[in-house]
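Q: Just passing along the structure, written as structure tokens.
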Amino acid sequence: MFSLEMLPARQGDCLWLEYGDPASPCRVLIDGGTASTQRVLKERLLELPAEQRGFELMVVTHVDADHAQGVLGLIRDPEVRLNVGDFWFNGSHQVQPYRPSALQPIPNDLLTQELRKAGLPLNRQWSGEAIVVPPEGALPVAELPGGLKLTVLSPGHRELENLGPTWADDVEKAGLAPDGETPPEPPLLQPIPDDLEPMGPVYDVHALAERPFEEDSSRANRSSVVLLGEFEGHRVLLAGDAPATLLEAGIARLDQDGPLALDAFKLPHHGSAHHVSQELLQRISCKRFLVSTNGERFQHPDAVALARVVKWGGDALQLFFNYRSRHTAPWEDPRLTAEHCYTVEYPGEGEEGLKIEL
């Protein structure tokens with residue numbers, strides 16, 4: 001078995017992967033969502049038999065509150081004794097070598113401090129150094145216990161070099177400064193009842209998709225760890241908040257002919273129009289596109305991004321949303337699904353999150 005579950009992480013990412021024996025699967029956690037996601041993670045772990053309360057790997061893809069805060073809370077929770085084979089995160093120690101020598105050394109970020117305090121490994125696979133793609137040669141690859149293969153597609157040296165000068169500001173913004181405060185979360189939006197009709201106008205997919213593409217320039221987002229997961233012939237691309245050109249560059253370096261065949265693609269930055277391009281979509285062959293966000297803070301997913309997916313993602317594709325929100329509900333309009341030949345899935349009534357069997 002190989003499955004991916006998008007846990008309810010508000011505007012963030014929290015991806016729970018399971019693979020192997022269904023009775024005792026191996027687990028990987030990619031990002032931890034916002035601070036309140038810690039409750040969801042804790043409940044999920046405590047539901048498991050004591051001997052299974054752990055992960056082969058935990059990853060925080062980059063310094064952003066909606067990816068890191070839930071994991072930080074889980075590590076600090078005295079009731080949760082994490083058993084983790086490895087923890088991947090480009091923290092202060094990993095970023096330091098990429099800062100200009102004229103700048104002052106940077107102090108540890110809070111996540112690195114808490115990992116050390118808890119005695120958890122940090123980038124053991126990479127000898128404690130940065131998770132980074134070399135300028136030339138083969139992409140970094142790790143094989144986890146149980147047979148999951150992970151290929152790192154990004155970030156490269158340039159992305160970490162660009163991040164270096166702004167690291168302290170990014171850490172503080174994410175609430176990961178040792179003396180900082182956790183960023184406040186907005187009041188939780190109420191989900192749209194399942195018995196209501198789709199909201200909003202029927203989109204003009206072609207007009208939206210053709211809007212000029214402008215790429216995100218956020219240094220923190222561009223430093224995202226992008227992973228291609230492979231298990232027993234199935235593939236999933238986990239893009240963090242990385243922009244389209246970096247994903248394209250990583251895919252181009254894979255040893256393959258034609259578009260990259262995927263069983264699922266977790267869209268970057270929660271379906272932002274600044275991260276999904278026609279060129280990126282034409283570099284992959286995929287039927288299932290995943291979006292993790294409730295749209296409460298940044299109004300994701302963007303209609304432009306999803307229009308590009310529907311227009312250039314291929315025939316008979318599926319859209320998976322872990323929230324039914326005012327930004328995702330219009331895409332189930334039967335006039336759109338019939339005209340563009342796609343389907344939409346949301347969590348079931350009373351359910352939180354969405355699980356996809358790969």
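Letters A, B, ... mark the chains of the structure tokens in the order given; residue numbers begin at 1 per chain; ligand numbers begin at 1, in order shown.
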Run DSSP on the backbone and tell me which residues of region 24-164 of chain A come out as alpha helix (DSSP H); list them as a PyMOL selection string.

A: chain A and resi 37-47+65-76+92-95+110-117+157-163

Q: Write out as a ChimeraX atom specification all residues of region 182-347 of chain A that backbone DSSP assigns to strand (DSSP E or B).

A: /A:226-231,234-238,260-262,264-266,284-286,288-291,317-321,342-345

Q: Nearest to Gly233 (chain A): which of A:Lys149, A:Arg288, A:Arg253, A:Arg27 is it, counting only C-alpha atoms?

A: A:Lys149

Q: For Leu319 (chain A), find every residue with an atom within 9 Å (counting only C-alpha atoms), except residues of its own chain fewer than 4 positions away, and show them as a PyMOL selection string.

A: chain A and resi 287-291+306+310+331+342-346

Q: Counting only C-alpha atoms, which residue out of A:Gln318, A:Gln69, A:Ser224, A:Thr245 sits closest to His269 (chain A)?

A: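 Residue with the minimum atom-to-atom distance to His269 (chain A): A:Ser224.
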
Q: Report as a PyMOL selection string all protein, DNA and RNA residues lying within 8 Å of Leu228 (chain A), evaluated on only C-alpha atoms, omitting residues in the same chain fewer than 6 positions from it.

A: chain A and resi 149-153+235-238

Q: For a quick check of understanding, using only C-alpha atoms, which of A:Leu208, A:Ser218, A:Ser154, A:Gly137 has the smallest distance to Glu248 (chain A)?

A: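 That would be A:Ser154, the residue with the smallest distance to Glu248 (chain A).
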
Q: Determine the nearest neighbour of Phe320 (chain A) from the options A:Leu267, A:Leu148, A:Ala239, A:Ala338, counting only C-alpha atoms.

A: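 Of all the options, A:Leu267 lies closest to Phe320 (chain A).
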
Q: Hey, can you check how far CA of Arg219 (chain A) sits from CA of Gly12 (chain A)?

A: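 Result for CA of Arg219 (chain A) versus CA of Gly12 (chain A): 17.5 Å, one decimal.
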
Q: Rank nothing, just name the residue among A:Met1, A:Val205, A:Ala9, A:Leu144 nearest to Ala23 (chain A), using only C-alpha atoms.

A: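 Once distances to Ala23 (chain A) are computed over only C-alpha atoms, the minimum belongs to A:Met1.
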